[in-house]
$ cat run-v4.cif   # mmCIF, C-alpha atoms
data_model
#
loop_
_atom_site.label_atom_id
_atom_site.label_comp_id
_atom_site.auth_asym_id
_atom_site.auth_seq_id
_atom_site.Cartn_x
_atom_site.Cartn_y
_atom_site.Cartn_z
CA MET L 25 6.66 -13.88 -26.65
CA SER L 26 6.99 -15.67 -23.31
CA ASP L 27 4.09 -17.70 -21.91
CA ALA L 28 3.66 -15.10 -19.17
CA ALA L 29 3.61 -12.22 -21.66
CA LYS L 30 1.09 -14.11 -23.79
CA LYS L 31 -1.12 -14.82 -20.77
CA LYS L 32 -0.88 -11.19 -19.67
CA GLU L 33 -2.02 -10.08 -23.11
CA ASP L 34 -4.96 -12.50 -22.77
CA ILE L 35 -6.20 -11.04 -19.48
CA LEU L 36 -5.79 -7.37 -20.44
CA GLN L 37 -9.25 -6.07 -21.29
CA PRO L 38 -10.02 -3.02 -23.39
CA THR L 39 -10.75 -0.09 -21.04
CA ASP L 40 -14.46 0.63 -21.49
CA ASP L 41 -17.01 2.87 -19.75
CA GLU L 42 -17.74 0.15 -17.19
CA ALA L 43 -14.06 -0.03 -16.20
CA ARG L 44 -13.83 3.76 -16.01
CA ALA L 45 -16.97 3.88 -13.84
CA LEU L 46 -15.38 1.38 -11.43
CA VAL L 47 -12.17 3.45 -11.36
CA HIS L 48 -14.15 6.59 -10.52
CA GLU L 49 -16.16 4.76 -7.84
CA LEU L 50 -12.99 3.43 -6.19
CA MET L 51 -11.34 6.86 -6.23
CA ALA L 52 -14.46 8.71 -5.04
CA ARG L 53 -15.10 6.31 -2.14
CA ALA L 54 -11.52 5.87 -0.87
CA ASP L 55 -10.89 7.89 2.30
CA TYR L 56 -7.38 6.52 2.46
CA ALA L 57 -4.86 4.62 0.34
CA ALA L 58 -1.42 3.03 0.44
CA ILE L 59 1.32 5.19 -1.05
CA ALA L 60 4.60 3.88 -2.46
CA ALA L 61 7.45 6.39 -2.47
CA LEU L 62 11.26 6.30 -2.61
CA ASP L 63 13.32 6.59 0.59
CA PRO L 64 15.51 9.65 -0.16
CA ALA L 65 18.49 8.16 1.73
CA THR L 66 18.50 4.68 0.21
CA GLY L 67 16.16 4.60 -2.81
CA HIS L 68 14.30 1.75 -1.11
CA PRO L 69 10.55 1.75 -1.89
CA LEU L 70 8.41 2.65 1.14
CA ALA L 71 4.76 1.68 1.66
CA SER L 72 2.66 3.71 4.08
CA ARG L 73 -0.89 4.92 4.62
CA VAL L 74 -2.26 8.27 3.52
CA ALA L 75 -5.64 9.95 3.77
CA LEU L 76 -7.08 10.78 0.36
CA ALA L 77 -9.39 13.26 -1.33
CA LEU L 78 -9.86 14.37 -4.94
CA ASP L 79 -9.35 17.77 -6.50
CA GLU L 80 -12.19 19.09 -8.66
CA ASP L 81 -10.70 17.46 -11.78
CA GLY L 82 -10.38 14.10 -10.01
CA THR L 83 -6.64 14.36 -9.27
CA PRO L 84 -5.83 12.49 -6.02
CA VAL L 85 -4.77 14.78 -3.18
CA ILE L 86 -3.08 13.90 0.10
CA LEU L 87 -2.56 15.95 3.27
CA THR L 88 0.57 14.82 5.03
CA SER L 89 2.83 15.77 7.93
CA LYS L 90 6.58 16.33 7.65
CA LEU L 91 6.89 13.62 10.31
CA ALA L 92 5.55 10.89 7.99
CA ALA L 93 8.29 9.02 6.11
CA HIS L 94 6.58 9.53 2.75
CA THR L 95 6.64 13.35 3.02
CA PRO L 96 10.41 13.92 2.71
CA ALA L 97 10.38 11.06 0.16
CA ILE L 98 7.97 12.74 -2.27
CA GLU L 99 9.55 16.14 -1.63
CA ALA L 100 12.90 14.72 -2.77
CA ASP L 101 11.49 12.69 -5.69
CA GLY L 102 7.86 13.16 -6.74
CA ARG L 103 7.57 9.68 -8.24
CA CYS L 104 4.99 7.72 -6.27
CA SER L 105 2.02 5.47 -6.63
CA LEU L 106 -1.25 4.88 -4.82
CA LEU L 107 -3.11 1.65 -4.15
CA VAL L 108 -6.81 2.51 -3.93
CA GLY L 109 -9.68 0.17 -3.10
CA GLU L 110 -9.90 -1.69 0.18
CA PRO L 111 -11.50 -5.12 0.21
CA GLY L 112 -15.17 -4.63 1.08
CA MET L 113 -15.38 -1.14 -0.41
CA ILE L 114 -17.43 -2.38 -3.37
CA LYS L 115 -20.40 -4.27 -1.95
CA GLU L 116 -20.68 -6.78 -4.80
CA ALA L 117 -17.16 -8.15 -4.15
CA LYS L 118 -17.01 -11.05 -1.69
CA GLY L 119 -14.45 -13.60 -0.53
CA ASP L 120 -10.74 -13.57 -1.43
CA PRO L 121 -9.39 -9.97 -1.15
CA LEU L 122 -7.31 -10.61 -4.27
CA THR L 123 -10.55 -10.84 -6.27
CA HIS L 124 -11.76 -7.45 -4.98
CA PRO L 125 -11.23 -4.57 -7.40
CA ARG L 126 -8.33 -2.23 -6.72
CA LEU L 127 -6.49 0.44 -8.62
CA THR L 128 -2.83 1.38 -8.86
CA VAL L 129 -2.27 5.03 -9.80
CA ILE L 130 1.25 5.82 -10.99
CA ALA L 131 1.74 9.50 -10.23
CA GLU L 132 4.02 12.47 -9.79
CA ALA L 133 3.55 14.35 -6.51
CA GLU L 134 3.46 18.14 -6.56
CA ARG L 135 3.51 20.10 -3.31
CA VAL L 136 0.83 22.79 -2.99
CA ALA L 137 2.05 26.17 -1.70
CA HIS L 138 0.28 27.21 1.51
CA ASP L 139 -0.64 30.69 0.33
CA SER L 140 -2.06 29.66 -3.06
CA ASP L 141 -5.64 29.68 -4.38
CA MET L 142 -5.17 25.96 -4.97
CA HIS L 143 -4.45 25.45 -1.27
CA ALA L 144 -7.64 27.30 -0.30
CA ARG L 145 -9.68 25.15 -2.71
CA LEU L 146 -8.10 21.88 -1.53
CA ARG L 147 -8.48 22.83 2.14
CA GLU L 148 -12.22 23.35 1.61
CA ARG L 149 -12.63 20.07 -0.29
CA TRP L 150 -10.52 18.20 2.29
CA LEU L 151 -12.64 19.37 5.22
CA VAL L 152 -15.80 18.07 3.53
CA ARG L 153 -14.19 14.65 3.08
CA HIS L 154 -12.25 14.56 6.37
CA PRO L 155 -14.06 16.80 8.87
CA LYS L 156 -11.93 15.59 11.81
CA SER L 157 -8.82 16.96 10.10
CA LYS L 158 -9.79 20.48 11.23
CA LEU L 159 -7.80 19.64 14.37
CA TYR L 160 -4.50 19.63 12.43
CA ILE L 161 -5.13 20.82 8.85
CA ASP L 162 -3.59 24.25 9.58
CA PHE L 163 -0.52 22.98 11.45
CA PRO L 164 2.59 24.37 9.74
CA ASP L 165 4.14 20.91 9.27
CA PHE L 166 1.16 19.68 7.21
CA ALA L 167 0.99 20.19 3.46
CA PHE L 168 -1.16 19.16 0.52
CA PHE L 169 0.30 17.28 -2.43
CA ARG L 170 -1.51 16.72 -5.72
CA LEU L 171 -0.61 13.33 -7.20
CA ALA L 172 -0.86 13.91 -10.95
CA PRO L 173 -1.68 10.54 -12.61
CA LEU L 174 0.77 9.37 -15.28
CA ARG L 175 -0.77 5.92 -15.89
CA GLY L 176 -2.63 3.32 -13.93
CA SER L 177 -3.92 -0.20 -13.76
CA LEU L 178 -7.25 -1.55 -12.59
CA ASN L 179 -7.32 -5.09 -11.29
CA GLY L 180 -10.83 -6.45 -11.20
CA GLY L 181 -9.75 -9.87 -9.90
CA PHE L 182 -8.14 -12.90 -11.53
CA GLY L 183 -8.15 -12.65 -15.29
CA LYS L 184 -9.49 -9.07 -15.45
CA ALA L 185 -6.98 -6.27 -15.83
CA TYR L 186 -7.12 -2.87 -17.49
CA GLU L 187 -4.39 -0.39 -18.32
CA LEU L 188 -5.43 3.20 -17.71
CA THR L 189 -4.49 6.58 -19.13
CA PRO L 190 -4.68 9.76 -17.03
CA SER L 191 -8.00 10.65 -18.69
CA ASP L 192 -9.44 7.26 -17.67
CA MET L 193 -8.78 8.26 -14.04
CA LEU L 194 -9.68 11.95 -14.03
CA SER L 195 -13.29 13.18 -13.87
CA ALA L 196 -15.17 13.57 -17.13
CA LYS L 197 -16.63 16.86 -15.82
CA ALA L 198 -13.16 18.45 -15.42
CA MET Y 21 18.03 20.23 14.61
CA SER Y 22 14.99 21.37 12.57
CA ASP Y 23 11.60 21.78 14.23
CA ALA Y 24 10.33 18.74 12.32
CA ALA Y 25 13.31 16.61 13.38
CA LYS Y 26 12.81 17.71 16.98
CA LYS Y 27 9.09 16.89 16.85
CA LYS Y 28 9.84 13.51 15.28
CA GLU Y 29 12.24 12.73 18.08
CA ASP Y 30 9.50 13.67 20.54
CA ILE Y 31 6.94 11.24 19.12
CA LEU Y 32 9.33 8.28 18.71
CA GLN Y 33 8.65 5.91 21.57
CA PRO Y 34 11.05 3.27 22.87
CA THR Y 35 10.07 -0.10 21.38
CA ASP Y 36 8.73 -2.14 24.29
CA ASP Y 37 6.96 -5.49 24.66
CA GLU Y 38 3.57 -3.84 24.13
CA ALA Y 39 4.70 -2.40 20.79
CA ARG Y 40 6.20 -5.76 19.75
CA ALA Y 41 2.94 -7.53 20.70
CA LEU Y 42 0.99 -5.12 18.48
CA VAL Y 43 3.46 -5.71 15.62
CA HIS Y 44 3.02 -9.48 15.96
CA GLU Y 45 -0.77 -9.17 16.14
CA LEU Y 46 -0.86 -7.03 12.98
CA MET Y 47 1.40 -9.45 11.09
CA ALA Y 48 -0.40 -12.56 12.31
CA ARG Y 49 -3.87 -11.25 11.43
CA ALA Y 50 -3.12 -9.68 8.04
CA ASP Y 51 -4.34 -11.85 5.17
CA TYR Y 52 -3.15 -9.25 2.70
CA ALA Y 53 -0.99 -6.15 2.52
CA ALA Y 54 0.11 -3.37 0.19
CA ILE Y 55 3.54 -3.92 -1.35
CA ALA Y 56 5.81 -1.16 -2.65
CA ALA Y 57 8.34 -2.27 -5.29
CA LEU Y 58 10.42 -0.65 -8.03
CA ASP Y 59 9.23 -0.73 -11.64
CA PRO Y 60 12.16 -2.45 -13.40
CA ALA Y 61 11.74 -0.32 -16.55
CA THR Y 62 11.51 3.11 -14.92
CA GLY Y 63 12.48 2.83 -11.23
CA HIS Y 64 9.09 4.34 -10.35
CA PRO Y 65 7.69 3.00 -7.06
CA LEU Y 66 4.65 0.75 -7.54
CA ALA Y 67 1.94 0.06 -4.95
CA SER Y 68 -0.17 -3.07 -5.30
CA ARG Y 69 -2.00 -5.66 -3.21
CA VAL Y 70 -0.55 -9.01 -2.16
CA ALA Y 71 -1.85 -11.90 -0.10
CA LEU Y 72 0.28 -12.55 2.97
CA ALA Y 73 1.30 -15.36 5.29
CA LEU Y 74 4.20 -15.85 7.70
CA ASP Y 75 7.01 -18.39 7.65
CA GLU Y 76 7.65 -20.27 10.89
CA ASP Y 77 10.12 -17.60 12.08
CA GLY Y 78 7.62 -14.82 11.36
CA THR Y 79 9.15 -13.71 8.04
CA PRO Y 80 6.40 -12.34 5.74
CA VAL Y 81 5.74 -14.52 2.70
CA ILE Y 82 3.82 -13.70 -0.47
CA LEU Y 83 2.54 -15.95 -3.27
CA THR Y 84 2.44 -14.05 -6.50
CA SER Y 85 1.83 -14.56 -10.21
CA LYS Y 86 4.25 -13.51 -12.95
CA LEU Y 87 1.34 -11.50 -14.33
CA ALA Y 88 1.29 -9.13 -11.34
CA ALA Y 89 3.39 -5.99 -11.85
CA HIS Y 90 5.21 -6.47 -8.53
CA THR Y 91 6.56 -9.91 -9.49
CA PRO Y 92 9.02 -8.87 -12.24
CA ALA Y 93 9.78 -5.82 -10.05
CA ILE Y 94 10.98 -7.81 -7.02
CA GLU Y 95 12.69 -10.35 -9.27
CA ALA Y 96 14.78 -7.54 -10.81
CA ASP Y 97 15.39 -5.71 -7.49
CA GLY Y 98 14.44 -7.35 -4.20
CA ARG Y 99 14.04 -4.04 -2.34
CA CYS Y 100 10.41 -3.70 -1.30
CA SER Y 101 8.21 -2.80 1.60
CA LEU Y 102 4.88 -3.93 3.03
CA LEU Y 103 2.11 -1.90 4.63
CA VAL Y 104 0.34 -4.20 7.08
CA GLY Y 105 -2.72 -3.39 9.19
CA GLU Y 106 -6.05 -2.46 7.65
CA PRO Y 107 -8.29 -0.01 9.50
CA GLY Y 108 -10.67 -2.07 11.60
CA MET Y 109 -8.27 -5.01 12.03
CA ILE Y 110 -7.62 -4.11 15.67
CA LYS Y 111 -11.03 -3.89 17.37
CA GLU Y 112 -10.04 -1.17 19.86
CA ALA Y 113 -9.20 1.31 17.08
CA LYS Y 114 -12.11 3.50 15.97
CA GLY Y 115 -12.66 6.58 13.84
CA ASP Y 116 -10.01 8.17 11.60
CA PRO Y 117 -8.07 5.44 9.70
CA LEU Y 118 -4.87 7.43 10.26
CA THR Y 119 -5.19 6.75 14.00
CA HIS Y 120 -5.44 2.96 13.43
CA PRO Y 121 -2.20 1.08 13.98
CA ARG Y 122 -0.25 0.01 10.92
CA LEU Y 123 3.19 -1.29 10.21
CA THR Y 124 5.69 -0.63 7.44
CA VAL Y 125 8.13 -3.51 6.91
CA ILE Y 126 11.22 -2.57 4.86
CA ALA Y 127 12.36 -5.83 3.31
CA GLU Y 128 14.43 -7.67 0.74
CA ALA Y 129 12.47 -10.18 -1.36
CA GLU Y 130 13.97 -13.62 -1.98
CA ARG Y 131 12.34 -15.98 -4.47
CA VAL Y 132 11.75 -19.51 -3.18
CA ALA Y 133 12.78 -22.32 -5.57
CA HIS Y 134 9.84 -24.58 -6.48
CA ASP Y 135 11.63 -27.84 -5.70
CA SER Y 136 13.00 -26.82 -2.29
CA ASP Y 137 12.09 -27.99 1.21
CA MET Y 138 11.31 -24.37 1.97
CA HIS Y 139 8.73 -24.35 -0.82
CA ALA Y 140 7.05 -27.46 0.59
CA ARG Y 141 6.92 -25.86 4.05
CA LEU Y 142 5.56 -22.53 2.78
CA ARG Y 143 2.99 -24.26 0.54
CA GLU Y 144 1.61 -26.10 3.57
CA ARG Y 145 1.51 -22.96 5.73
CA TRP Y 146 -0.03 -20.94 2.90
CA LEU Y 147 -2.89 -23.40 2.39
CA VAL Y 148 -3.81 -23.16 6.09
CA ARG Y 149 -4.01 -19.37 5.82
CA HIS Y 150 -5.45 -19.15 2.32
CA PRO Y 151 -7.39 -22.38 1.65
CA LYS Y 152 -8.96 -21.04 -1.58
CA SER Y 153 -5.48 -20.69 -3.09
CA LYS Y 154 -5.46 -24.45 -3.77
CA LEU Y 155 -7.09 -23.52 -7.10
CA TYR Y 156 -3.88 -21.82 -8.33
CA ILE Y 157 -1.07 -22.43 -5.82
CA ASP Y 158 0.58 -25.01 -8.10
CA PHE Y 159 0.27 -23.04 -11.33
CA PRO Y 160 3.76 -22.73 -12.86
CA ASP Y 161 3.57 -18.92 -13.04
CA PHE Y 162 3.05 -18.60 -9.27
CA ALA Y 163 5.97 -18.39 -6.87
CA PHE Y 164 6.63 -17.73 -3.20
CA PHE Y 165 8.86 -14.90 -2.07
CA ARG Y 166 10.14 -14.48 1.48
CA LEU Y 167 10.38 -10.78 2.40
CA ALA Y 168 13.29 -10.67 4.86
CA PRO Y 169 12.76 -7.66 7.16
CA LEU Y 170 15.60 -5.10 7.26
CA ARG Y 171 13.89 -2.52 9.46
CA GLY Y 172 10.38 -1.30 10.13
CA SER Y 173 8.17 1.31 11.66
CA LEU Y 174 5.00 0.97 13.68
CA ASN Y 175 2.59 3.87 13.62
CA GLY Y 176 0.10 3.67 16.46
CA GLY Y 177 -1.66 6.91 15.51
CA PHE Y 178 -0.77 10.57 15.90
CA GLY Y 179 2.13 11.08 18.28
CA LYS Y 180 2.97 7.37 18.65
CA ALA Y 181 5.69 5.94 16.46
CA TYR Y 182 8.21 3.15 16.95
CA GLU Y 183 11.27 2.18 14.94
CA LEU Y 184 11.68 -1.59 14.65
CA THR Y 185 14.59 -3.95 14.15
CA PRO Y 186 14.18 -7.29 12.36
CA SER Y 187 14.03 -9.08 15.72
CA ASP Y 188 11.16 -6.81 16.83
CA MET Y 189 9.19 -8.16 13.85
CA LEU Y 190 10.17 -11.84 13.80
CA SER Y 191 8.66 -14.41 16.16
CA ALA Y 192 10.32 -14.91 19.53
CA LYS Y 193 9.86 -18.66 19.12
CA ALA Y 194 12.03 -18.78 15.96
#

$ encode --input "run-v4.cif" --output "structure tokens"
Amino acid sequence: MSDAAKKKEDILQPTDDEARALVHELMARADYAAIAALDPATGHPLASRVALALDEDGTPVILTSKLAAHTPAIEADGRCSLLVGEPGMIKEAKGDPLTHPRLTVIAEAERVAHDSDMHARLRERWLVRHPKSKLYIDFPDFAFFRLAPLRGSLNGGFGKAYELTPSDMLSAKA
Amino acid sequence: MSDAAKKKEDILQPTDDEARALVHELMARADYAAIAALDPATGHPLASRVALALDEDGTPVILTSKLAAHTPAIEADGRCSLLVGEPGMIKEAKGDPLTHPRLTVIAEAERVAHDSDMHARLRERWLVRHPKSKLYIDFPDFAFFRLAPLRGSLNGGFGKAYELTPSDMLSAKA
């Protein structure tokens, strides 16, 4: 085992209820996130900003326009990931932003059909979270995508890392 | 031309000095960013947080540990991108985070050799920007990467988008 692999094993903590509570707090409080997707023309990874909400089971949901670079990207290849947790979101965290907790969700994006029951449910939930979106939520070039979590990682600052399963990220009440 | 392509053409603005000034302000003020890189095992895009500084020509620079998921990713495949510009960074922007200006830098990561003049220069610049990093900057598992810009996009909010060349993003004084 390399020194780096050994050190990584040392900082990986068992995922406990406290870690899961922090994951749920980050996801519940994040109004937006960074998304990484694959440029359909080049395969180059793209980072951009998305607004965020959660479906009733805790699955991250985005509402995005065809004009945003990530939309054709996730339509062509659903593989994506979210970075959730802005510095300052958790009050207890101070100082260096790299010591503030943040979460990477590795996910597969699934477009939500406009005329589905799921769309009606997500539209209602979205408007509670993002009331100003009523100005554009029904534009035909906007669509919801559910980002089904495959795995994740929680970084609680130097020396504190957790690997996460989908059930660590989804709501217990689902 | 599709409706979406037509609409995209409508919102793309010519990149002028005002847009370049905003790009430089975002890059100069960002202490951290989201990075998108490719998981070397699966090709899945990964989003994570990095601390940021600029080389003397304005090239974005990151200092990263081998333990961070993005480090083996950009070592295996230098294609990456940065999302720069947190909501609230530019004082004039208020309200919906999706109307706050942000910048996507499409880049190629190049590792900086520890014993190079470039490393000495970046180490000095980094410590000015991130003084607390003196605690770990010389750890053997940390390395600098320069993220050479290939192209970029500035999103100034709904209906305002700019495509950027490398020279739009690098410092005029370089």

$ closest_residue --input "run-v4.cif" --among "L:Met142, L:Leu78, L:Leu70, L:Leu87" --to "chain Y" --atoms "all atoms listed in the file"
L:Leu70

$ resolve_selection --input "run-v4.cif" --expression "the PyMOL selection byres ((chain Y) within 6 of (chain L))" --output "JSON list (two decimals) with C-alpha atoms, keeping the file's coordinate frame"
[["chain", "number", "residue", "atom", "x", "y", "z"],
["Y", 28, "LYS", "CA", 9.84, 13.51, 15.28],
["Y", 56, "ALA", "CA", 5.81, -1.16, -2.65],
["Y", 57, "ALA", "CA", 8.34, -2.27, -5.29],
["Y", 64, "HIS", "CA", 9.09, 4.34, -10.35],
["Y", 65, "PRO", "CA", 7.69, 3.00, -7.06],
["Y", 66, "LEU", "CA", 4.65, 0.75, -7.54],
["Y", 67, "ALA", "CA", 1.94, 0.06, -4.95],
["Y", 68, "SER", "CA", -0.17, -3.07, -5.30],
["Y", 87, "LEU", "CA", 1.34, -11.50, -14.33],
["Y", 99, "ARG", "CA", 14.04, -4.04, -2.34],
["Y", 100, "CYS", "CA", 10.41, -3.70, -1.30],
["Y", 101, "SER", "CA", 8.21, -2.80, 1.60],
["Y", 102, "LEU", "CA", 4.88, -3.93, 3.03],
["Y", 103, "LEU", "CA", 2.11, -1.90, 4.63]]

$ calpha_fit_and_write --input "run-v4.cif" --fixed "chain Y" --moving "chain L" --output "short mmCIF file (atom, residue, chain, number, x, y, z; two decimals) with C-alpha atoms, keeping the file's coordinate frame"
data_model
loop_
_atom_site.label_atom_id
_atom_site.label_comp_id
_atom_site.auth_asym_id
_atom_site.auth_seq_id
_atom_site.Cartn_x
_atom_site.Cartn_y
_atom_site.Cartn_z
CA MET L 25 18.00 20.29 14.56
CA SER L 26 14.95 21.37 12.55
CA ASP L 27 11.56 21.77 14.24
CA ALA L 28 10.32 18.73 12.32
CA ALA L 29 13.30 16.61 13.37
CA LYS L 30 12.81 17.72 16.97
CA LYS L 31 9.10 16.89 16.86
CA LYS L 32 9.84 13.52 15.28
CA GLU L 33 12.26 12.74 18.09
CA ASP L 34 9.49 13.67 20.55
CA ILE L 35 6.95 11.23 19.12
CA LEU L 36 9.34 8.29 18.70
CA GLN L 37 8.67 5.91 21.58
CA PRO L 38 11.05 3.28 22.89
CA THR L 39 10.06 -0.09 21.38
CA ASP L 40 8.73 -2.13 24.30
CA ASP L 41 6.96 -5.49 24.68
CA GLU L 42 3.58 -3.84 24.14
CA ALA L 43 4.71 -2.41 20.79
CA ARG L 44 6.19 -5.75 19.75
CA ALA L 45 2.95 -7.53 20.71
CA LEU L 46 0.99 -5.12 18.49
CA VAL L 47 3.46 -5.72 15.63
CA HIS L 48 3.03 -9.48 15.97
CA GLU L 49 -0.77 -9.17 16.14
CA LEU L 50 -0.86 -7.03 12.98
CA MET L 51 1.41 -9.44 11.10
CA ALA L 52 -0.40 -12.58 12.33
CA ARG L 53 -3.86 -11.24 11.44
CA ALA L 54 -3.10 -9.67 8.04
CA ASP L 55 -4.34 -11.85 5.17
CA TYR L 56 -3.15 -9.26 2.70
CA ALA L 57 -0.98 -6.14 2.52
CA ALA L 58 0.13 -3.37 0.19
CA ILE L 59 3.56 -3.92 -1.34
CA ALA L 60 5.83 -1.17 -2.65
CA ALA L 61 8.34 -2.28 -5.27
CA LEU L 62 10.42 -0.66 -8.03
CA ASP L 63 9.23 -0.72 -11.65
CA PRO L 64 12.16 -2.45 -13.42
CA ALA L 65 11.73 -0.30 -16.55
CA THR L 66 11.49 3.12 -14.92
CA GLY L 67 12.49 2.85 -11.24
CA HIS L 68 9.10 4.34 -10.37
CA PRO L 69 7.70 3.00 -7.06
CA LEU L 70 4.65 0.75 -7.55
CA ALA L 71 1.95 0.06 -4.95
CA SER L 72 -0.17 -3.06 -5.30
CA ARG L 73 -1.97 -5.66 -3.22
CA VAL L 74 -0.54 -9.00 -2.15
CA ALA L 75 -1.85 -11.90 -0.10
CA LEU L 76 0.28 -12.55 2.97
CA ALA L 77 1.31 -15.36 5.29
CA LEU L 78 4.21 -15.84 7.71
CA ASP L 79 7.00 -18.38 7.65
CA GLU L 80 7.64 -20.27 10.89
CA ASP L 81 10.12 -17.61 12.06
CA GLY L 82 7.63 -14.82 11.36
CA THR L 83 9.16 -13.71 8.03
CA PRO L 84 6.40 -12.34 5.74
CA VAL L 85 5.74 -14.53 2.70
CA ILE L 86 3.83 -13.71 -0.47
CA LEU L 87 2.54 -15.95 -3.26
CA THR L 88 2.43 -14.04 -6.50
CA SER L 89 1.82 -14.56 -10.22
CA LYS L 90 4.24 -13.51 -12.96
CA LEU L 91 1.33 -11.48 -14.35
CA ALA L 92 1.28 -9.11 -11.34
CA ALA L 93 3.39 -5.98 -11.84
CA HIS L 94 5.21 -6.46 -8.54
CA THR L 95 6.56 -9.92 -9.50
CA PRO L 96 9.01 -8.87 -12.24
CA ALA L 97 9.77 -5.82 -10.05
CA ILE L 98 10.99 -7.81 -7.03
CA GLU L 99 12.69 -10.35 -9.28
CA ALA L 100 14.76 -7.53 -10.80
CA ASP L 101 15.39 -5.70 -7.50
CA GLY L 102 14.45 -7.36 -4.20
CA ARG L 103 14.04 -4.06 -2.36
CA CYS L 104 10.42 -3.71 -1.29
CA SER L 105 8.22 -2.81 1.61
CA LEU L 106 4.90 -3.93 3.03
CA LEU L 107 2.13 -1.91 4.63
CA VAL L 108 0.35 -4.19 7.10
CA GLY L 109 -2.72 -3.40 9.18
CA GLU L 110 -6.04 -2.46 7.64
CA PRO L 111 -8.27 -0.02 9.49
CA GLY L 112 -10.67 -2.09 11.59
CA MET L 113 -8.27 -5.01 12.01
CA ILE L 114 -7.63 -4.14 15.66
CA LYS L 115 -11.02 -3.90 17.36
CA GLU L 116 -10.02 -1.21 19.86
CA ALA L 117 -9.19 1.29 17.08
CA LYS L 118 -12.11 3.47 15.98
CA GLY L 119 -12.64 6.55 13.82
CA ASP L 120 -9.99 8.18 11.60
CA PRO L 121 -8.06 5.43 9.71
CA LEU L 122 -4.87 7.44 10.25
CA THR L 123 -5.18 6.75 13.99
CA HIS L 124 -5.44 2.97 13.42
CA PRO L 125 -2.20 1.07 13.99
CA ARG L 126 -0.25 0.00 10.93
CA LEU L 127 3.21 -1.29 10.23
CA THR L 128 5.70 -0.63 7.45
CA VAL L 129 8.15 -3.50 6.91
CA ILE L 130 11.22 -2.58 4.87
CA ALA L 131 12.37 -5.83 3.31
CA GLU L 132 14.43 -7.67 0.74
CA ALA L 133 12.47 -10.18 -1.35
CA GLU L 134 13.97 -13.61 -1.99
CA ARG L 135 12.33 -15.98 -4.47
CA VAL L 136 11.75 -19.52 -3.18
CA ALA L 137 12.77 -22.32 -5.57
CA HIS L 138 9.84 -24.58 -6.48
CA ASP L 139 11.62 -27.83 -5.72
CA SER L 140 13.00 -26.81 -2.31
CA ASP L 141 12.11 -28.00 1.20
CA MET L 142 11.32 -24.36 1.95
CA HIS L 143 8.72 -24.34 -0.83
CA ALA L 144 7.04 -27.46 0.59
CA ARG L 145 6.92 -25.87 4.06
CA LEU L 146 5.57 -22.54 2.77
CA ARG L 147 2.99 -24.26 0.55
CA GLU L 148 1.62 -26.11 3.58
CA ARG L 149 1.52 -22.96 5.73
CA TRP L 150 -0.04 -20.95 2.88
CA LEU L 151 -2.89 -23.41 2.39
CA VAL L 152 -3.81 -23.17 6.09
CA ARG L 153 -3.98 -19.38 5.83
CA HIS L 154 -5.46 -19.17 2.31
CA PRO L 155 -7.40 -22.38 1.65
CA LYS L 156 -8.96 -21.02 -1.57
CA SER L 157 -5.49 -20.68 -3.09
CA LYS L 158 -5.45 -24.44 -3.76
CA LEU L 159 -7.09 -23.51 -7.07
CA TYR L 160 -3.89 -21.81 -8.32
CA ILE L 161 -1.07 -22.43 -5.82
CA ASP L 162 0.56 -25.04 -8.10
CA PHE L 163 0.28 -23.04 -11.34
CA PRO L 164 3.76 -22.72 -12.86
CA ASP L 165 3.56 -18.91 -13.05
CA PHE L 166 3.04 -18.59 -9.27
CA ALA L 167 5.96 -18.38 -6.87
CA PHE L 168 6.62 -17.74 -3.20
CA PHE L 169 8.86 -14.90 -2.06
CA ARG L 170 10.14 -14.48 1.48
CA LEU L 171 10.38 -10.79 2.40
CA ALA L 172 13.29 -10.68 4.85
CA PRO L 173 12.76 -7.66 7.17
CA LEU L 174 15.60 -5.12 7.25
CA ARG L 175 13.87 -2.52 9.46
CA GLY L 176 10.38 -1.31 10.13
CA SER L 177 8.17 1.30 11.67
CA LEU L 178 5.00 0.96 13.70
CA ASN L 179 2.58 3.85 13.62
CA GLY L 180 0.12 3.66 16.46
CA GLY L 181 -1.65 6.90 15.49
CA PHE L 182 -0.78 10.58 15.91
CA GLY L 183 2.13 11.08 18.24
CA LYS L 184 2.97 7.37 18.65
CA ALA L 185 5.69 5.93 16.46
CA TYR L 186 8.22 3.15 16.95
CA GLU L 187 11.27 2.17 14.95
CA LEU L 188 11.69 -1.58 14.64
CA THR L 189 14.59 -3.96 14.17
CA PRO L 190 14.18 -7.29 12.37
CA SER L 191 14.03 -9.09 15.73
CA ASP L 192 11.15 -6.82 16.83
CA MET L 193 9.18 -8.16 13.84
CA LEU L 194 10.16 -11.83 13.79
CA SER L 195 8.62 -14.40 16.16
CA ALA L 196 10.23 -14.86 19.55
CA LYS L 197 9.78 -18.65 19.18
CA ALA L 198 11.95 -18.77 16.01
#

$ resolve_selection --input "run-v4.cif" --expression "the PyMOL selection byres ((chain Y and resi 76) around 12)" --output "PyMOL selection string"
chain Y and resi 48+73-75+77-81+138+141-142+144-146+166+190-194

$ residues_near_point --input "run-v4.cif" --point "(10.4, 1.9, 24.5)" --cutoff "12 Å" --atoms "all atoms listed in the file" --output "CSV table (one decimal) with C-alpha atoms, in the coordinates of the input"
chain,number,residue,atom,x,y,z
Y,31,ILE,CA,6.9,11.2,19.1
Y,32,LEU,CA,9.3,8.3,18.7
Y,33,GLN,CA,8.6,5.9,21.6
Y,34,PRO,CA,11.0,3.3,22.9
Y,35,THR,CA,10.1,-0.1,21.4
Y,36,ASP,CA,8.7,-2.1,24.3
Y,37,ASP,CA,7.0,-5.5,24.7
Y,38,GLU,CA,3.6,-3.8,24.1
Y,39,ALA,CA,4.7,-2.4,20.8
Y,40,ARG,CA,6.2,-5.8,19.8
Y,180,LYS,CA,3.0,7.4,18.6
Y,181,ALA,CA,5.7,5.9,16.5
Y,182,TYR,CA,8.2,3.2,17.0
Y,183,GLU,CA,11.3,2.2,14.9
Y,184,LEU,CA,11.7,-1.6,14.6
Y,188,ASP,CA,11.2,-6.8,16.8
